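**Q** protein03.cif is the file, holding mmCIF, C-alpha atoms and all ligand atoms:
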```
data_model
#
loop_
_atom_site.label_atom_id
_atom_site.label_comp_id
_atom_site.auth_asym_id
_atom_site.auth_seq_id
_atom_site.Cartn_x
_atom_site.Cartn_y
_atom_site.Cartn_z
CA MET A 22 116.97 168.83 171.14
CA GLU A 23 116.17 167.81 174.72
CA GLU A 24 115.00 171.35 175.36
CA ASP A 25 112.63 171.12 172.38
CA ILE A 26 111.17 167.85 173.66
CA LEU A 27 110.78 169.13 177.21
CA ALA A 28 109.09 172.28 175.92
CA GLN A 29 106.25 170.20 174.51
CA PRO A 30 103.44 169.26 176.93
CA ALA A 31 103.87 165.76 178.31
CA ARG A 32 101.31 163.08 177.45
CA VAL A 33 101.81 160.59 180.26
CA LEU A 34 105.02 161.34 182.15
CA THR A 35 105.70 164.08 184.63
CA GLN A 36 108.21 166.75 183.76
CA ALA A 37 110.41 165.44 186.56
CA GLN A 38 110.37 161.95 185.01
CA ARG A 39 111.35 163.35 181.62
CA GLU A 40 114.20 165.35 183.13
CA PHE A 41 115.34 162.28 185.11
CA TYR A 42 115.52 160.28 181.87
CA PHE A 43 117.60 162.88 180.09
CA GLU A 44 119.94 163.19 183.05
CA ASN A 45 120.30 159.49 183.91
CA GLY A 46 119.48 157.61 180.70
CA TYR A 47 116.87 155.38 182.29
CA LEU A 48 113.54 155.50 184.07
CA LEU A 49 111.35 153.16 186.11
CA LEU A 50 107.59 153.57 185.77
CA VAL A 51 105.82 151.53 188.44
CA GLY A 52 102.45 149.98 187.67
CA VAL A 53 101.62 151.98 184.54
CA ILE A 54 100.17 149.02 182.59
CA GLY A 55 96.72 147.93 183.72
CA ASP A 56 95.35 144.46 184.37
CA ASP A 57 93.48 144.34 181.07
CA TRP A 58 96.69 144.57 179.09
CA LEU A 59 98.54 142.22 181.43
CA THR A 60 95.86 139.57 180.96
CA ARG A 61 96.11 139.88 177.19
CA LEU A 62 99.92 139.80 177.22
CA ARG A 63 100.03 136.76 179.51
CA SER A 64 97.61 134.91 177.28
CA ALA A 65 99.69 135.68 174.21
CA MET A 66 102.85 134.66 176.02
CA GLU A 67 101.29 131.33 176.99
CA ASP A 68 100.53 130.72 173.33
CA VAL A 69 104.22 131.22 172.60
CA VAL A 70 105.32 128.91 175.41
CA ASP A 71 102.92 126.25 174.13
CA ARG A 72 104.44 126.56 170.70
CA GLY A 73 107.90 126.22 172.25
CA ARG A 74 106.96 123.00 174.03
CA GLY A 75 107.05 121.10 170.76
CA MET A 76 110.48 122.35 169.77
CA THR A 77 113.71 120.46 170.31
CA LYS A 78 116.07 123.18 169.10
CA SER A 79 115.99 126.95 168.73
CA ASP A 80 114.67 128.56 165.57
CA ASP A 81 114.81 132.17 164.41
CA ALA A 82 111.84 133.13 166.55
CA ILE A 83 112.17 131.11 169.74
CA TRP A 84 115.48 130.53 171.48
CA LEU A 85 115.52 127.71 173.99
CA GLU A 86 117.43 127.30 177.24
CA LYS A 87 119.45 124.19 178.03
CA GLY A 88 117.30 121.43 179.50
CA HIS A 89 114.19 122.48 177.61
CA SER A 90 111.57 119.77 177.14
CA ARG A 91 107.88 119.48 176.37
CA SER A 92 107.02 118.80 179.99
CA ASP A 93 109.50 121.33 181.40
CA PRO A 94 109.65 124.19 178.87
CA ARG A 95 112.49 126.66 179.26
CA LEU A 96 112.45 129.52 176.82
CA LEU A 97 115.25 132.03 176.56
CA ARG A 98 113.78 134.54 174.15
CA LEU A 99 111.07 135.23 171.61
CA ASN A 100 112.37 137.42 168.81
CA CYS A 101 109.93 139.80 167.13
CA PRO A 102 106.82 138.89 169.14
CA ASP A 103 104.92 141.45 167.05
CA ALA A 104 105.39 139.20 164.04
CA HIS A 105 104.30 136.03 165.83
CA HIS A 106 101.21 137.07 167.76
CA PRO A 107 98.88 139.94 166.82
CA GLU A 108 98.39 140.93 170.45
CA PHE A 109 102.00 142.04 170.75
CA TRP A 110 101.77 144.31 167.72
CA THR A 111 98.52 145.78 169.00
CA TYR A 112 100.24 146.44 172.30
CA ALA A 113 103.20 148.10 170.57
CA ARG A 114 100.87 150.52 168.74
CA LYS A 115 97.84 151.00 170.95
CA SER A 116 99.11 150.93 174.49
CA ILE A 117 100.64 153.73 176.52
CA LEU A 118 104.15 152.76 175.33
CA PRO A 119 104.32 154.98 172.22
CA ASP A 120 102.99 157.85 174.33
CA ILE A 121 105.84 157.37 176.77
CA ALA A 122 108.17 157.48 173.77
CA VAL A 123 106.58 160.74 172.60
CA ASP A 124 107.41 162.33 175.93
CA LEU A 125 111.06 161.30 175.57
CA VAL A 126 111.89 161.53 171.83
CA GLY A 127 109.35 164.02 170.48
CA PRO A 128 105.97 163.82 168.77
CA ASP A 129 106.99 161.64 165.83
CA VAL A 130 107.80 158.07 166.88
CA ARG A 131 109.12 155.19 164.79
CA TYR A 132 108.72 151.57 165.88
CA SER A 133 111.92 149.54 165.64
CA HIS A 134 111.49 146.04 167.07
CA SER A 135 110.43 143.93 170.05
CA LEU A 136 111.45 140.80 171.91
CA ILE A 137 110.59 138.89 175.05
CA ASN A 138 113.35 137.82 177.40
CA PHE A 139 111.89 135.06 179.55
CA LYS A 140 114.71 134.77 182.09
CA TRP A 141 113.31 131.40 183.10
CA ALA A 142 113.12 130.42 186.76
CA GLU A 143 116.46 129.15 188.12
CA VAL A 144 118.10 128.92 184.67
CA GLY A 145 117.74 132.47 183.31
CA GLN A 146 121.30 133.59 182.75
CA GLU A 147 123.26 136.75 183.37
CA VAL A 148 123.22 139.40 180.65
CA LYS A 149 126.59 141.10 180.67
CA TRP A 150 127.02 144.86 180.75
CA HIS A 151 126.39 146.30 177.33
CA GLN A 152 124.88 149.15 175.34
CA ASP A 153 122.22 148.47 172.72
CA ILE A 154 123.15 150.89 169.97
CA GLN A 155 126.26 148.91 168.94
CA PHE A 156 123.90 146.12 167.84
CA TYR A 157 121.93 148.45 165.54
CA PRO A 158 123.62 151.81 164.82
CA HIS A 159 121.22 154.58 163.79
CA THR A 160 121.70 158.07 162.46
CA ASN A 161 121.00 159.45 165.93
CA TYR A 162 120.76 158.19 169.49
CA SER A 163 117.10 158.81 170.20
CA LEU A 164 116.33 155.07 170.42
CA LEU A 165 114.96 153.83 173.68
CA SER A 166 113.70 150.49 174.91
CA LEU A 167 110.64 150.03 177.10
CA GLY A 168 110.57 146.84 179.17
CA THR A 169 107.12 145.72 180.29
CA MET A 170 107.16 143.54 183.40
CA ILE A 171 104.59 140.85 182.61
CA GLU A 172 105.04 139.43 186.12
CA ASP A 173 106.35 140.90 189.38
CA ILE A 174 110.13 141.34 189.36
CA GLY A 175 112.18 141.27 192.54
CA PRO A 176 115.90 141.38 193.31
CA ASP A 177 116.55 137.63 193.00
CA GLN A 178 115.00 137.40 189.53
CA GLY A 179 117.76 139.21 187.67
CA PRO A 180 116.15 142.62 187.16
CA VAL A 181 117.62 145.07 184.68
CA ARG A 182 120.33 147.27 186.13
CA ALA A 183 121.31 150.56 184.49
CA VAL A 184 124.36 152.76 185.10
CA PRO A 185 123.13 156.31 185.75
CA GLY A 186 124.45 158.89 183.32
CA SER A 187 126.32 156.36 181.18
CA HIS A 188 124.34 157.39 178.09
CA LEU A 189 126.29 160.65 178.13
CA GLY A 190 129.63 158.87 178.10
CA GLU A 191 131.51 156.68 175.67
CA VAL A 192 130.02 154.14 173.29
CA PHE A 193 132.27 151.17 173.98
CA PRO A 194 133.41 148.55 171.47
CA HIS A 195 131.71 145.20 172.02
CA TYR A 196 134.53 143.16 170.52
CA ALA A 197 137.01 140.87 172.27
CA GLU A 198 140.76 141.33 171.91
CA ASP A 199 140.89 138.75 169.13
CA GLY A 200 138.40 140.79 167.11
CA THR A 201 135.41 138.50 167.60
CA TRP A 202 132.05 139.94 168.56
CA ALA A 203 131.69 139.74 172.33
CA ALA A 204 128.23 141.34 172.62
CA CYS A 205 129.31 143.11 175.81
CA ILE A 206 131.65 145.73 177.22
CA GLN A 207 135.16 144.43 177.90
CA ASP A 208 136.58 144.31 181.41
CA HIS A 209 139.16 147.08 180.89
CA ASP A 210 136.38 149.46 179.84
CA LEU A 211 134.13 148.44 182.71
CA GLU A 212 136.72 149.78 185.12
CA SER A 213 135.65 153.32 184.26
CA LEU A 214 132.01 152.60 185.08
CA LYS A 215 130.42 152.32 188.50
CA VAL A 216 128.49 149.18 187.63
CA ASP A 217 128.41 147.94 191.23
CA GLU A 218 126.28 150.94 192.11
CA ALA A 219 123.83 150.48 189.24
CA PRO A 220 120.28 150.34 190.61
CA MET A 221 117.99 147.38 190.00
CA LEU A 222 114.85 148.32 188.09
CA MET A 223 112.17 146.27 189.82
CA GLY A 224 108.47 146.48 190.45
CA PRO A 225 105.10 144.79 190.35
CA ALA A 226 103.69 143.39 187.11
CA GLY A 227 102.69 146.25 184.84
CA SER A 228 105.76 148.32 185.63
CA VAL A 229 107.88 149.56 182.73
CA THR A 230 111.62 150.14 182.49
CA VAL A 231 112.99 152.71 180.06
CA HIS A 232 116.58 152.96 178.91
CA ASN A 233 118.34 154.88 176.21
CA CYS A 234 120.28 153.01 173.54
CA ARG A 235 123.59 154.37 174.90
CA THR A 236 122.88 153.49 178.54
CA VAL A 237 125.12 150.78 180.00
CA HIS A 238 122.92 148.03 181.41
CA GLY A 239 122.85 144.34 182.24
CA SER A 240 121.23 141.85 184.58
CA ASP A 241 122.17 139.09 186.99
CA PRO A 242 121.03 135.45 186.67
CA ASN A 243 117.55 134.53 187.83
CA VAL A 244 118.17 132.46 190.95
CA SER A 245 114.53 132.44 192.03
CA VAL A 246 111.80 129.92 191.38
CA ARG A 247 109.82 132.49 189.42
CA GLY A 248 110.38 133.50 185.81
CA ARG A 249 111.17 137.04 184.78
CA PRO A 250 109.41 137.61 181.46
CA LEU A 251 110.14 141.09 180.14
CA LEU A 252 108.59 142.33 176.90
CA VAL A 253 110.98 144.84 175.34
CA ASN A 254 109.71 147.31 172.74
CA THR A 255 112.17 149.65 171.05
CA TYR A 256 111.20 152.96 169.48
CA SER A 257 113.02 156.02 168.18
CA ALA A 258 112.35 159.48 166.91
CA ALA A 259 110.96 159.27 163.39
CA ASP A 260 114.16 160.81 161.99
CA ALA A 261 116.46 158.02 163.26
CA PHE A 262 117.30 155.43 160.62
CA PRO A 263 119.45 152.30 160.87
CA TYR A 264 122.52 152.10 158.65
CA THR A 265 123.35 148.45 159.26
CA HIS A 266 121.24 145.31 159.00
CA LEU A 267 119.09 145.04 162.12
CA PRO A 268 119.52 141.90 164.26
CA GLN A 269 115.78 141.96 165.00
CA TRP A 270 113.29 143.27 162.51
CA SER A 271 109.82 142.49 161.26
CA THR A 272 107.48 143.83 158.62
CA ASN A 273 106.37 146.31 161.29
CA THR A 274 109.85 147.78 161.67
CA GLY A 275 109.85 151.43 160.63
CA THR A 276 106.14 151.95 161.22
CA ILE A 277 105.31 155.43 162.46
CA VAL A 278 103.26 154.78 165.61
CA ARG A 279 102.77 158.40 166.66
CA GLY A 280 102.96 161.63 164.66
CA LYS A 281 104.30 161.76 161.12
CA SER A 282 107.15 160.46 158.99
CA ALA A 283 110.43 162.30 158.75
CA THR A 284 111.43 164.07 155.56
CA GLN A 285 115.11 163.75 156.32
CA ALA A 286 117.37 161.87 158.71
CA ARG A 287 118.83 163.66 161.70
CA LEU A 288 122.55 162.98 161.94
CA ASP A 289 124.38 162.82 165.26
CA PRO A 290 128.13 163.29 164.65
CA ARG A 291 129.17 161.07 167.57
CA PRO A 292 130.51 157.84 166.00
CA CYS A 293 129.26 154.33 166.76
CA PRO A 294 131.31 151.12 166.38
CA LEU A 295 129.85 148.84 163.72
CA PRO A 296 128.48 145.39 164.60
CA PRO A 297 129.17 142.27 162.54
CA ASP A 298 127.17 141.89 159.34
CA TRP A 299 123.80 140.53 160.46
CA SER A 300 122.44 140.27 156.91
CA GLY A 301 122.76 136.49 157.06
CA GLY A 302 120.49 136.39 160.09
CA PHE A 303 120.81 136.66 163.83
CA SER A 304 119.89 133.52 165.71
CA ALA A 305 120.77 131.53 168.79
CA ASN A 306 123.05 129.43 166.63
CA ASN A 307 124.96 131.94 164.59
CA ALA A 308 124.82 135.26 166.40
CA ALA A 309 128.14 136.54 167.58
CA THR A 310 130.46 133.61 168.15
CA GLY A 311 127.77 130.98 168.43
CA GLU A 312 127.69 131.54 172.17
CA ILE A 313 125.14 134.29 172.17
CA ARG A 314 123.05 132.73 174.91
CA GLY A 315 122.33 135.38 177.47
CA ASP A 316 124.51 137.92 175.72
CA GLY A 317 121.95 139.33 173.32
CA PRO A 318 121.28 142.98 172.80
CA GLU A 319 118.49 143.27 175.29
CA LEU A 320 118.24 143.12 179.01
FE FE A 401 120.21 145.64 176.13
#
```
Please express the file's structure as structure tokens.

**A**
Amino acid sequence: MEEDILAQPARVLTQAQREFYFENGYLLLVGVIGDDWLTRLRSAMEDVVDRGRGMTKSDDAIWLEKGHSRSDPRLLRLNCPDAHHPEFWTYARKSILPDIAVDLVGPDVRYSHSLINFKWAEVGQEVKWHQDIQFYPHTNYSLLSLGTMIEDIGPDQGPVRAVPGSHLGEVFPHYAEDGTWAACIQDHDLESLKVDEAPMLMGPAGSVTVHNCRTVHGSDPNVSVRGRPLLVNTYSAADAFPYTHLPQWSTNTGTIVRGKSATQARLDPRPCPLPPDWSGGFSANNAATGEIRGDGPEL
């Protein structure tokens, strides 16, 4: 499959970047989003922050950090930004992002979902080491997430860190010993991974991180005075279909954003642990054990 993808001419990536992704499970693309898009994304994000100012508790769309107030807004996450501001859906379809996906999953690309992790200045929390696919198993592992840096991201802002080559290894259970959903890899499994050596994916605003749905990744707290807003868009090959209820989904989920629809699902025989039943919703208050803050499926 990788050979078939690599045999097709690349749209936006170099062949070396494509090969790096398949070998390492992640990629850092520095400065690939222009100022025009950044201006539009920042404006849309400000609209969201303004909406959050009036909130006193999290809702399904906006999750708040502790200490949030109208005068000192602290947002944790916006779920499904594509459903809450048209600019984000336009970006998901019309920007370079689906073209990056084409270069890595093949010509036919299916949109899955988006979110913004704000990682607010000084309060943005650690995201523990995890893999994404356990949150939303699909018939194959072509899913990848593209993280757009809306502002500059440096080492003290809790950049994403990815473990090279981990996408080729085990898909670890994300449950604690007592059977409750932990939303992260357990300590005894982490021992087999060289997480201390995982590189930080940093860059100026307009840079994009890429990671495969099997890649082990996480991030440290934001200890800086600057926020770390990251817009995460997840895509897959058109022949990857979810078989559990998605934690994040919108009416745009499943839209073919490049190429054509699949006529059948492609089935990868490698098994994936099932998540809890998200059919009742996935929010700051009920996800996982009720202590989902900072332990969500993304970055
Ligand atoms: Fe993640």

**Q** What residues have an atom no more than 9 Å from (118.0, 127.6, 184.1) in the file's own frame, counting only C-alpha atoms, and can you write them as a list of chain:residue names?

**A**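 Here is the list of nearby residues: A:Glu86, A:Lys87, A:Gly88, A:Arg95, A:Lys140, A:Trp141, A:Ala142, A:Glu143, A:Val144, A:Gly145, A:Gln146, A:Pro242, A:Asn243, A:Val244.
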
**Q** Each residue of chain A lying at most 10 Å from ligand FE 401 (chain A) should get a row with its shortest atom-to-atom pair and the distance in Å to one decimal, counting all atoms listed in the file; could you produce that, ordered by chain and increasing number, as JSON lines?

**A**
```
{"residue": "A:Val148", "atom": "CA", "partner": "A:FE401", "partner_atom": "FE", "distance": 8.3}
{"residue": "A:Lys149", "atom": "CA", "partner": "A:FE401", "partner_atom": "FE", "distance": 9.1}
{"residue": "A:Trp150", "atom": "CA", "partner": "A:FE401", "partner_atom": "FE", "distance": 8.3}
{"residue": "A:His151", "atom": "CA", "partner": "A:FE401", "partner_atom": "FE", "distance": 6.3}
{"residue": "A:Gln152", "atom": "CA", "partner": "A:FE401", "partner_atom": "FE", "distance": 5.9}
{"residue": "A:Asp153", "atom": "CA", "partner": "A:FE401", "partner_atom": "FE", "distance": 4.9}
{"residue": "A:Ile154", "atom": "CA", "partner": "A:FE401", "partner_atom": "FE", "distance": 8.6}
{"residue": "A:Gln155", "atom": "CA", "partner": "A:FE401", "partner_atom": "FE", "distance": 9.9}
{"residue": "A:Phe156", "atom": "CA", "partner": "A:FE401", "partner_atom": "FE", "distance": 9.1}
{"residue": "A:Ser166", "atom": "CA", "partner": "A:FE401", "partner_atom": "FE", "distance": 8.2}
{"residue": "A:Val181", "atom": "CA", "partner": "A:FE401", "partner_atom": "FE", "distance": 9.0}
{"residue": "A:Ala183", "atom": "CA", "partner": "A:FE401", "partner_atom": "FE", "distance": 9.8}
{"residue": "A:Ala204", "atom": "CA", "partner": "A:FE401", "partner_atom": "FE", "distance": 9.8}
{"residue": "A:Cys205", "atom": "CA", "partner": "A:FE401", "partner_atom": "FE", "distance": 9.5}
{"residue": "A:His232", "atom": "CA", "partner": "A:FE401", "partner_atom": "FE", "distance": 8.6}
{"residue": "A:Asn233", "atom": "CA", "partner": "A:FE401", "partner_atom": "FE", "distance": 9.4}
{"residue": "A:Cys234", "atom": "CA", "partner": "A:FE401", "partner_atom": "FE", "distance": 7.8}
{"residue": "A:Arg235", "atom": "CA", "partner": "A:FE401", "partner_atom": "FE", "distance": 9.4}
{"residue": "A:Thr236", "atom": "CA", "partner": "A:FE401", "partner_atom": "FE", "distance": 8.6}
{"residue": "A:Val237", "atom": "CA", "partner": "A:FE401", "partner_atom": "FE", "distance": 8.1}
{"residue": "A:His238", "atom": "CA", "partner": "A:FE401", "partner_atom": "FE", "distance": 6.4}
{"residue": "A:Gly239", "atom": "CA", "partner": "A:FE401", "partner_atom": "FE", "distance": 6.8}
{"residue": "A:Ser240", "atom": "CA", "partner": "A:FE401", "partner_atom": "FE", "distance": 9.3}
{"residue": "A:Val253", "atom": "CA", "partner": "A:FE401", "partner_atom": "FE", "distance": 9.3}
{"residue": "A:Asp316", "atom": "CA", "partner": "A:FE401", "partner_atom": "FE", "distance": 8.8}
{"residue": "A:Gly317", "atom": "CA", "partner": "A:FE401", "partner_atom": "FE", "distance": 7.1}
{"residue": "A:Pro318", "atom": "CA", "partner": "A:FE401", "partner_atom": "FE", "distance": 4.4}
{"residue": "A:Glu319", "atom": "CA", "partner": "A:FE401", "partner_atom": "FE", "distance": 3.0}
{"residue": "A:Leu320", "atom": "CA", "partner": "A:FE401", "partner_atom": "FE", "distance": 4.3}
```

**Q** Please, what distance in Å, to one decimal, runs between atom CA of Ala104 of chain A and atom CA of Arg91 of chain A?

**A**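 Atom-to-atom, atom CA of Ala104 of chain A to atom CA of Arg91 of chain A, that is 23.4 Å.
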
**Q** Which protein, DNA or RNA residues are at most 9 Å from (119.9, 150.2, 188.3) in the file's coordinates when you count all atoms listed in the file, listed as a list in words?

**A**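 Answer for this query, in the requested form: Tyr47, Pro180, Val181, Arg182, Ala183, Val184, Pro185, Val216, Glu218, Ala219, Pro220, Met221, Leu222, Met223, His238 and Gly239 of chain A.
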
**Q** Compare A:Val123, A:Asp129, A:Cys101, A:Val229 by their minimum atom-to-atom distance to Ser271 of chain A, counting all atoms listed in the file, and give me the closest one.

**A**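 Nearest candidate to Ser271 of chain A out of A:Val123, A:Asp129, A:Cys101, A:Val229: A:Cys101.
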
**Q** What does the distance from atom CA of Ala259 of chain A to atom CA of Val130 of chain A come to in Å, to one decimal?

**A** 4.9 Å

**Q** Which is closer to Gly190 of chain A than all the others in A:Ile137, A:Leu214, A:Leu267, A:Val231, using all atoms listed in the file?

**A**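 Closest residue, counting all atoms listed in the file: A:Leu214.
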
**Q** Work out how far apart atom CA of Met66 of chain A and atom CA of Leu96 of chain A are and give it in Å to one decimal.

**A** 10.9 Å

**Q** Ranking A:Gly46, A:Pro128, A:Gly175, A:Pro30 by minimum distance to Lys281 of chain A and counting all atoms listed in the file, which one comes first?

**A** A:Pro128

**Q** Using only C-alpha atoms, pick whichever of A:Pro194, A:Gly227, A:Pro94, A:Pro297 has the shortest atom-to-atom distance to Ser116 of chain A.

**A**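 Closest residue, counting only C-alpha atoms: A:Gly227.
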
**Q** Counting all atoms listed in the file, what is within 12 Å of Asp68 of chain A, bar same-chain residues fewer than 5 positions away, as a CSV table (one decimal) with C-alpha atoms, in the coordinates of the input?

**A**
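The new file part17.csv reads:
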```csv
chain,number,residue,atom,x,y,z
A,61,ARG,CA,96.1,139.9,177.2
A,62,LEU,CA,99.9,139.8,177.2
A,63,ARG,CA,100.0,136.8,179.5
A,73,GLY,CA,107.9,126.2,172.2
A,74,ARG,CA,107.0,123.0,174.0
A,75,GLY,CA,107.0,121.1,170.8
A,99,LEU,CA,111.1,135.2,171.6
A,102,PRO,CA,106.8,138.9,169.1
A,105,HIS,CA,104.3,136.0,165.8
A,106,HIS,CA,101.2,137.1,167.8
A,107,PRO,CA,98.9,139.9,166.8
A,108,GLU,CA,98.4,140.9,170.4
A,109,PHE,CA,102.0,142.0,170.8
```
